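Chemist: Sharing input_18.txt below, compact mmCIF, C-alpha atoms:
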```
# COMPACT_ATOMS: atom_id res chain seq x y z
CA MET R 1 0.77 12.16 -43.65
CA LEU R 2 -1.17 13.09 -40.47
CA ARG R 3 0.45 10.21 -38.61
CA LYS R 4 3.92 11.36 -39.71
CA ILE R 5 3.13 14.86 -38.48
CA LEU R 6 1.90 13.45 -35.15
CA ASP R 7 5.04 11.33 -34.81
CA LEU R 8 7.24 14.35 -35.48
CA TYR R 9 5.24 16.41 -32.98
CA ILE R 10 5.82 13.76 -30.30
CA ASN R 11 9.41 12.80 -31.18
CA SER R 12 10.52 16.44 -31.29
CA SER R 13 9.37 16.70 -27.63
CA LEU R 14 7.01 19.56 -28.44
CA HIS R 15 4.11 17.65 -26.88
CA VAL R 16 5.85 16.95 -23.57
CA ALA R 17 7.17 20.53 -23.48
CA LEU R 18 3.61 21.84 -23.83
CA ALA R 19 2.68 19.56 -20.92
CA VAL R 20 5.44 21.09 -18.78
CA ALA R 21 4.40 24.63 -19.75
CA SER R 22 0.76 23.74 -18.97
CA PHE R 23 1.73 22.63 -15.48
CA SER R 24 3.53 25.96 -15.01
CA LEU R 25 0.44 27.89 -16.11
CA VAL R 26 -1.71 25.83 -13.73
CA THR R 27 0.57 26.98 -10.91
CA CYS R 28 0.04 30.60 -11.97
CA ILE R 29 -3.74 30.09 -11.98
CA ARG R 30 -3.79 28.36 -8.60
CA PHE R 31 -1.74 31.13 -7.00
CA GLN R 32 -3.78 33.76 -8.86
CA HIS R 33 -1.02 35.78 -10.45
CA LEU R 34 -0.37 36.77 -14.03
CA PRO R 35 2.13 34.51 -15.78
CA HIS R 36 5.53 35.86 -16.75
CA TRP R 37 5.51 34.97 -20.43
CA GLU R 38 9.29 35.17 -20.76
CA LEU R 39 9.56 32.53 -18.03
CA LEU R 40 6.92 30.30 -19.64
CA LEU R 41 8.72 30.53 -22.97
CA PHE R 42 11.96 29.60 -21.24
CA VAL R 43 10.22 26.58 -19.69
CA LEU R 44 8.81 25.56 -23.08
CA PHE R 45 12.04 25.87 -25.06
CA GLY R 46 14.16 24.55 -22.20
CA SER R 47 11.98 21.44 -21.92
CA ILE R 48 12.34 20.71 -25.63
CA THR R 49 16.11 21.13 -25.37
CA GLY R 50 16.42 18.95 -22.28
CA TYR R 51 14.21 16.12 -23.50
CA ASN R 52 15.79 15.97 -26.94
CA PHE R 53 19.24 15.96 -25.40
CA VAL R 54 18.30 12.98 -23.23
CA LYS R 55 16.57 11.12 -26.07
CA TYR R 56 18.99 11.72 -28.92
CA ALA R 57 22.40 12.11 -27.27
CA GLY R 58 22.87 8.37 -27.67
CA LEU R 59 23.23 7.86 -23.92
CA ALA R 60 19.68 7.22 -22.69
CA LYS R 61 19.20 4.09 -24.85
CA LEU R 62 15.43 4.49 -25.13
CA HIS R 63 14.91 1.59 -27.52
CA HIS R 64 11.19 2.24 -27.95
CA LEU R 65 11.96 5.44 -29.86
CA SER R 66 12.92 5.04 -33.50
CA LEU R 67 15.19 7.66 -35.00
CA THR R 68 13.59 8.49 -38.32
CA ARG R 69 14.67 10.58 -41.28
CA ASN R 70 13.39 13.54 -39.30
CA LEU R 71 16.32 13.29 -36.89
CA ARG R 72 18.29 16.05 -38.58
CA PHE R 73 15.27 18.33 -38.44
CA ILE R 74 14.83 17.51 -34.74
CA GLN R 75 18.50 18.29 -34.10
CA PHE R 76 18.21 21.65 -35.85
CA PHE R 77 14.92 22.34 -34.07
CA SER R 78 16.55 21.52 -30.73
CA LEU R 79 19.43 23.91 -31.44
CA CYS R 80 16.98 26.73 -32.17
CA CYS R 81 15.07 25.93 -28.97
CA PHE R 82 18.31 25.94 -26.98
CA LEU R 83 19.20 29.40 -28.27
CA ALA R 84 15.67 30.64 -27.52
CA ALA R 85 15.79 29.12 -24.02
CA ALA R 86 19.15 30.79 -23.33
CA TYR R 87 17.77 34.16 -24.48
CA PHE R 88 14.66 33.97 -22.28
CA LEU R 89 16.64 32.61 -19.33
CA PHE R 90 18.80 35.72 -19.16
CA GLN R 91 15.66 37.86 -19.00
CA GLN R 92 14.96 36.31 -15.58
CA PRO R 93 16.00 37.40 -12.05
CA ARG R 94 19.21 35.94 -10.66
CA GLU R 95 17.32 33.55 -8.34
CA VAL R 96 15.46 32.01 -11.28
CA ILE R 97 18.71 31.59 -13.22
CA VAL R 98 20.36 29.83 -10.27
CA LEU R 99 17.41 27.46 -9.72
CA SER R 100 17.25 26.77 -13.48
CA ALA R 101 20.96 25.91 -13.45
CA ILE R 102 20.42 23.43 -10.61
CA LEU R 103 17.50 21.77 -12.40
CA GLY R 104 19.54 21.77 -15.60
CA CYS R 105 22.36 19.93 -13.83
CA PHE R 106 19.92 17.20 -12.78
CA THR R 107 18.80 16.89 -16.41
CA LEU R 108 22.42 16.76 -17.62
CA LEU R 109 23.46 14.16 -15.06
CA TYR R 110 20.36 12.11 -15.91
CA ALA R 111 21.93 11.34 -19.29
CA VAL R 112 25.68 11.98 -18.95
CA PRO R 113 27.89 9.51 -17.03
CA PHE R 114 29.49 11.08 -13.97
CA TRP R 115 30.65 8.07 -11.94
CA LYS R 116 32.80 4.98 -12.31
CA GLY R 117 31.39 2.43 -14.70
CA LYS R 118 29.76 5.16 -16.81
CA ALA R 119 26.87 5.60 -14.37
CA ASN R 120 24.36 8.42 -14.71
CA LEU R 121 21.32 9.31 -12.60
CA ARG R 122 19.06 7.27 -14.85
CA SER R 123 21.13 4.11 -14.40
CA ILE R 124 21.34 4.30 -10.59
CA ASN R 125 19.03 1.69 -9.12
CA GLY R 126 15.58 3.07 -8.33
CA THR R 127 16.31 6.78 -8.91
CA LYS R 128 15.06 7.36 -12.47
CA ILE R 129 11.41 8.19 -11.80
CA PHE R 130 12.18 10.35 -8.75
CA VAL R 131 14.71 12.49 -10.61
CA ILE R 132 12.15 13.17 -13.35
CA ALA R 133 9.43 14.04 -10.81
CA LEU R 134 11.82 16.33 -8.92
CA VAL R 135 12.80 18.26 -12.05
CA TRP R 136 9.18 18.55 -13.24
CA ALA R 137 7.96 19.76 -9.84
CA GLY R 138 10.82 22.22 -9.50
CA THR R 139 10.30 23.58 -13.00
CA THR R 140 6.52 23.88 -12.87
CA VAL R 141 6.03 25.00 -9.25
CA LEU R 142 9.14 26.73 -7.95
CA LEU R 143 10.17 28.58 -11.11
CA PRO R 144 6.76 30.27 -11.69
CA LEU R 145 6.55 31.29 -8.01
CA PHE R 146 10.07 32.67 -7.64
CA PRO R 147 9.24 36.09 -9.18
CA LEU R 148 6.53 36.58 -6.54
CA GLY R 149 9.01 36.79 -3.69
CA ALA R 150 7.99 35.80 -0.14
CA MET R 151 5.06 33.38 0.08
CA ASP R 152 3.56 30.98 2.60
CA SER R 153 6.17 28.22 2.58
CA MET R 154 3.68 25.50 3.62
CA ILE R 155 1.34 26.29 0.72
CA VAL R 156 4.24 26.27 -1.74
CA PHE R 157 5.53 22.99 -0.27
CA SER R 158 2.05 21.46 -0.55
CA GLU R 159 1.83 22.46 -4.22
CA PHE R 160 5.33 21.10 -4.84
CA LEU R 161 4.54 17.79 -3.13
CA GLN R 162 1.24 17.38 -4.99
CA ARG R 163 2.95 18.03 -8.32
CA PHE R 164 5.79 15.66 -7.44
CA LEU R 165 3.33 12.87 -6.60
CA LEU R 166 1.23 13.49 -9.71
CA VAL R 167 4.26 13.28 -11.98
CA LEU R 168 5.22 10.00 -10.29
CA VAL R 169 1.78 8.60 -11.10
CA LEU R 170 1.93 9.86 -14.69
CA MET R 171 5.26 8.09 -15.07
CA PHE R 172 3.84 4.69 -14.11
CA PRO R 173 2.32 3.98 -17.57
CA PHE R 174 5.74 4.68 -19.09
CA GLU R 175 7.47 2.46 -16.52
CA ILE R 176 5.03 -0.39 -17.21
CA ARG R 177 5.39 0.07 -20.98
CA ASP R 178 9.18 -0.03 -20.71
CA LEU R 179 9.34 -3.26 -18.71
CA LYS R 180 10.40 -5.10 -21.86
CA PHE R 181 13.16 -2.57 -22.57
CA ASP R 182 14.56 -1.55 -19.17
CA LYS R 183 17.47 -3.47 -17.70
CA LEU R 184 16.88 -5.07 -14.30
CA GLN R 185 19.65 -2.90 -12.83
CA LEU R 186 17.39 0.15 -13.19
CA GLY R 187 15.18 -1.14 -10.37
CA THR R 188 12.04 0.59 -11.61
CA ILE R 189 8.92 0.36 -9.47
CA PRO R 190 7.13 -2.15 -11.77
CA GLN R 191 10.30 -4.27 -11.79
CA ARG R 192 10.37 -4.28 -8.00
CA ILE R 193 6.71 -4.78 -7.09
CA GLY R 194 4.99 -5.81 -10.32
CA THR R 195 2.42 -4.13 -12.55
CA GLY R 196 -0.62 -4.67 -10.32
CA ARG R 197 0.99 -3.28 -7.17
CA THR R 198 2.39 -0.35 -9.14
CA LYS R 199 -1.14 0.56 -10.18
CA ASN R 200 -2.38 0.22 -6.60
CA LEU R 201 0.44 2.48 -5.42
CA GLY R 202 -0.63 5.00 -8.07
CA TYR R 203 -4.22 4.99 -6.79
CA VAL R 204 -2.98 5.61 -3.23
CA LEU R 205 -0.81 8.52 -4.39
CA LEU R 206 -3.76 10.05 -6.25
CA LEU R 207 -5.88 9.86 -3.10
CA LEU R 208 -3.03 11.44 -1.16
CA ILE R 209 -2.95 14.33 -3.64
CA LEU R 210 -6.65 14.98 -3.00
CA LEU R 211 -6.13 14.74 0.76
CA LEU R 212 -3.31 17.29 0.58
CA GLU R 213 -5.63 19.58 -1.38
CA PHE R 214 -8.29 19.42 1.36
CA LEU R 215 -5.69 20.23 4.00
CA ARG R 216 -4.45 23.35 2.23
CA PRO R 217 -5.36 26.61 4.01
CA ASP R 218 -6.01 28.21 0.60
CA PHE R 219 -8.49 25.49 -0.46
CA LYS R 220 -11.00 26.69 -3.07
CA VAL R 221 -13.60 24.68 -4.97
CA ILE R 222 -12.73 26.39 -8.25
CA PHE R 223 -9.19 24.96 -7.97
CA PHE R 224 -10.27 21.64 -6.50
CA LEU R 225 -12.59 20.67 -9.38
CA PRO R 226 -9.90 20.79 -12.12
CA LEU R 227 -7.57 18.84 -9.82
CA LEU R 228 -10.30 16.26 -9.15
CA PHE R 229 -10.79 15.85 -12.91
CA THR R 230 -7.03 15.44 -13.36
CA VAL R 231 -6.84 12.82 -10.62
CA LEU R 232 -9.78 10.87 -12.05
CA ILE R 233 -8.46 10.92 -15.62
CA SER R 234 -4.99 9.93 -14.36
CA GLY R 235 -6.53 7.02 -12.46
CA MET R 236 -8.46 5.94 -15.56
CA PHE R 237 -5.34 5.91 -17.72
CA LEU R 238 -3.41 4.09 -15.01
CA TYR R 239 -6.17 1.46 -14.82
CA ARG R 240 -6.03 0.95 -18.59
CA THR R 241 -2.23 0.71 -18.71
CA ARG R 242 -0.83 -2.56 -20.06
CA LYS R 243 2.66 -3.80 -20.90
CA GLU R 244 1.55 -3.93 -24.52
CA GLN R 245 -0.01 -0.59 -25.44
CA SER R 246 -0.52 1.56 -28.50
CA PRO R 247 2.43 3.83 -29.38
CA TYR R 248 0.36 6.89 -28.50
CA PHE R 249 -1.20 5.72 -25.22
CA ALA R 250 1.56 7.04 -22.95
CA SER R 251 3.54 9.33 -25.23
CA PHE R 252 0.47 11.30 -26.37
CA TRP R 253 -2.59 10.71 -24.18
CA VAL R 254 -0.94 10.39 -20.76
CA GLU R 255 1.38 13.30 -21.49
CA ALA R 256 -1.68 15.35 -22.50
CA ILE R 257 -3.13 15.18 -18.97
CA PRO R 258 -1.38 18.41 -17.81
CA ILE R 259 -2.78 20.15 -20.90
CA MET R 260 -6.27 18.88 -20.01
CA TRP R 261 -5.84 20.21 -16.45
CA LEU R 262 -4.94 23.63 -17.82
CA LEU R 263 -7.89 23.72 -20.21
CA ILE R 264 -10.37 22.75 -17.48
CA SER R 265 -8.86 25.38 -15.15
CA LEU R 266 -9.18 28.09 -17.80
CA LEU R 267 -12.74 27.04 -18.60
CA LEU R 268 -13.88 27.22 -14.98
CA ARG R 269 -12.01 30.47 -14.46
CA ASN R 270 -13.90 32.05 -17.35
CA LEU R 271 -17.25 30.63 -16.21
CA PHE R 272 -16.93 31.70 -12.58
```
Would it be possible to restate this file's structure as structure tokens?
Modeler:
Amino acid sequence: MLRKILDLYINSSLHVALAVASFSLVTCIRFQHLPHWELLLFVLFGSITGYNFVKYAGLAKLHHLSLTRNLRFIQFFSLCCFLAAAYFLFQQPREVIVLSAILGCFTLLYAVPFWKGKANLRSINGTKIFVIALVWAGTTVLLPLFPLGAMDSMIVFSEFLQRFLLVLVLMFPFEIRDLKFDKLQLGTIPQRIGTGRTKNLGYVLLLLILLLEFLRPDFKVIFFLPLLFTVLISGMFLYRTRKEQSPYFASFWVEAIPIMWLLISLLLRNLF
């Protein structure tokens, strides 16, 4: 029974949506401003809607996901989340609505064919992982910062780039897992350079994230320590990634890393 509940929790995209919302809250903490709860709820419900659309629209062809008897519940749940996301979206400033629409178009085009030969963004050679990282970074960095108005553009860009690179690294275990499912036309990074070099690239990107943190003019130890933990735990999971892995390795544990980052950030914030 507990395993069925866990499977439903993951397959309904609630887990990955909590990861996205956690990243957004981390941004609020790092820029030291109170979160706009209506925006965070929009991010949460919008993430559930977007992911379930991609997974269950019949277009993404993610063969590693099995559609169980819970599919109807997930469809109804997704509809409720879509309505909630729409409600909270229209509580936002116009700039947030426009940026959300742009990010939503990327999500839509990721699954829906828009070119000759029924091509979508996911099927274009080598673009899949970068589209996902772009949408995650835009949703979890730019959206939470938009209500603040004018900010140091270099600091915002640094945060965006760090988040983009981290999402790329967190995608590598999924890319390696999916080697036996993905068509060669996708041109994923593990398909192009192999599993070992993909891991090495991930380690380099993690080091680059730490370097970017040191170069930030707003560098603070209280923000660096949670990031360091996140980089180390990401590197550990990347090291342990195999083509054959447990069904929960990537879809639960790797996707829980943003939640871990948030919890560590909150803990240190309360201690210091």
Chemist: I'd like the neighbourhood of segment 261-265 of chain R as a count of residues only, where a residue qualifies if any of its atoms comes within 12 Å (using only C-alpha atoms), though same-chain residues fewer than 3 positions away should be ignored.
Modeler: 39
Chemist: Would you mind listing what lies within 12 Å of Thr140 of chain R as a PyMOL selection string, with all atoms listed in the file counted and same-chain residues fewer than 3 positions away left out?
Modeler: chain R and resi 17-28+35+39-40+42-44+47+99-100+103+133-137+143-146+156+159-164+167+258
Chemist: Show me, as an MDAnalysis selection string, the residues that have an atom within 9 Å of segment 174-184 of chain R when counting only C-alpha atoms, minus same-chain residues fewer than 3 positions from it.
Modeler: chainID R and resid 62:64 125 129 170:171 187:191 194:195 198 241:245 250:251 254
Chemist: With all atoms listed in the file as the basis for distance, which of R:Gln91, R:Glu38, R:Val54, R:Phe172 is at the shortest distance from Val112 of chain R?
Modeler: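 Between R:Gln91, R:Glu38, R:Val54, R:Phe172, the residue approaching Val112 of chain R most closely is R:Val54.
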Chemist: One number please: atom CA of Asp7 of chain R to atom CA of Phe82 of chain R, in Å, one decimal.
Modeler: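 Interatomic distance here is 21.2 Å.
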Chemist: Atom CA of Ser246 of chain R to atom CA of Met1 of chain R: how many Å, to one decimal?
Modeler: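 Going from atom CA of Ser246 of chain R over to atom CA of Met1 of chain R, I get 18.5 Å.
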Chemist: Which is closer to Trp253 of chain R than all the others in R:Val16, R:Leu205, R:Phe77, R:Asn11, using all atoms listed in the file?
Modeler: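 Nearest to Trp253 of chain R: R:Val16.
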Chemist: Give me, as number ranges by chain, all polymer residues having an atom no more than 10 Å from Ala86 of chain R, counting all atoms listed in the file and skipping those fewer than 6 positions away in the same chain.
Modeler: R: 42, 45-46, 80
Chemist: Would you mind telling me which residue in R:Phe214, R:Leu165, R:Phe219, R:Ile74 lies nearest to Lys55 of chain R when using only C-alpha atoms?
Modeler: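 Smallest separation from Lys55 of chain R among the options: R:Ile74.
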Chemist: Between R:Ile259, R:Phe237, R:Arg197, R:Ser153, which residue has the minimum interatomic distance to Pro217 of chain R, considering only C-alpha atoms?
Modeler: R:Ser153
Chemist: Quick one: segment 152-169 of chain R with C-alpha atoms, as a compact mmCIF listing (two decimals), in the first residue's frame?
Modeler:
```
# COMPACT_ATOMS: atom_id res chain seq x y z
CA ASP R 152 21.50 44.01 -10.04
CA SER R 153 21.34 42.29 -13.42
CA MET R 154 24.70 40.52 -12.98
CA ILE R 155 23.63 38.94 -9.69
CA VAL R 156 20.34 37.79 -11.21
CA PHE R 157 22.17 36.42 -14.26
CA SER R 158 24.62 34.57 -12.00
CA GLU R 159 21.75 32.98 -10.08
CA PHE R 160 20.02 32.06 -13.34
CA LEU R 161 23.18 30.51 -14.80
CA GLN R 162 23.92 28.54 -11.62
CA ARG R 163 20.37 27.17 -11.56
CA PHE R 164 20.52 26.34 -15.27
CA LEU R 165 23.76 24.40 -14.81
CA LEU R 166 22.50 22.59 -11.72
CA VAL R 167 19.35 21.44 -13.50
CA LEU R 168 21.52 20.16 -16.36
CA VAL R 169 23.52 18.08 -13.89
```
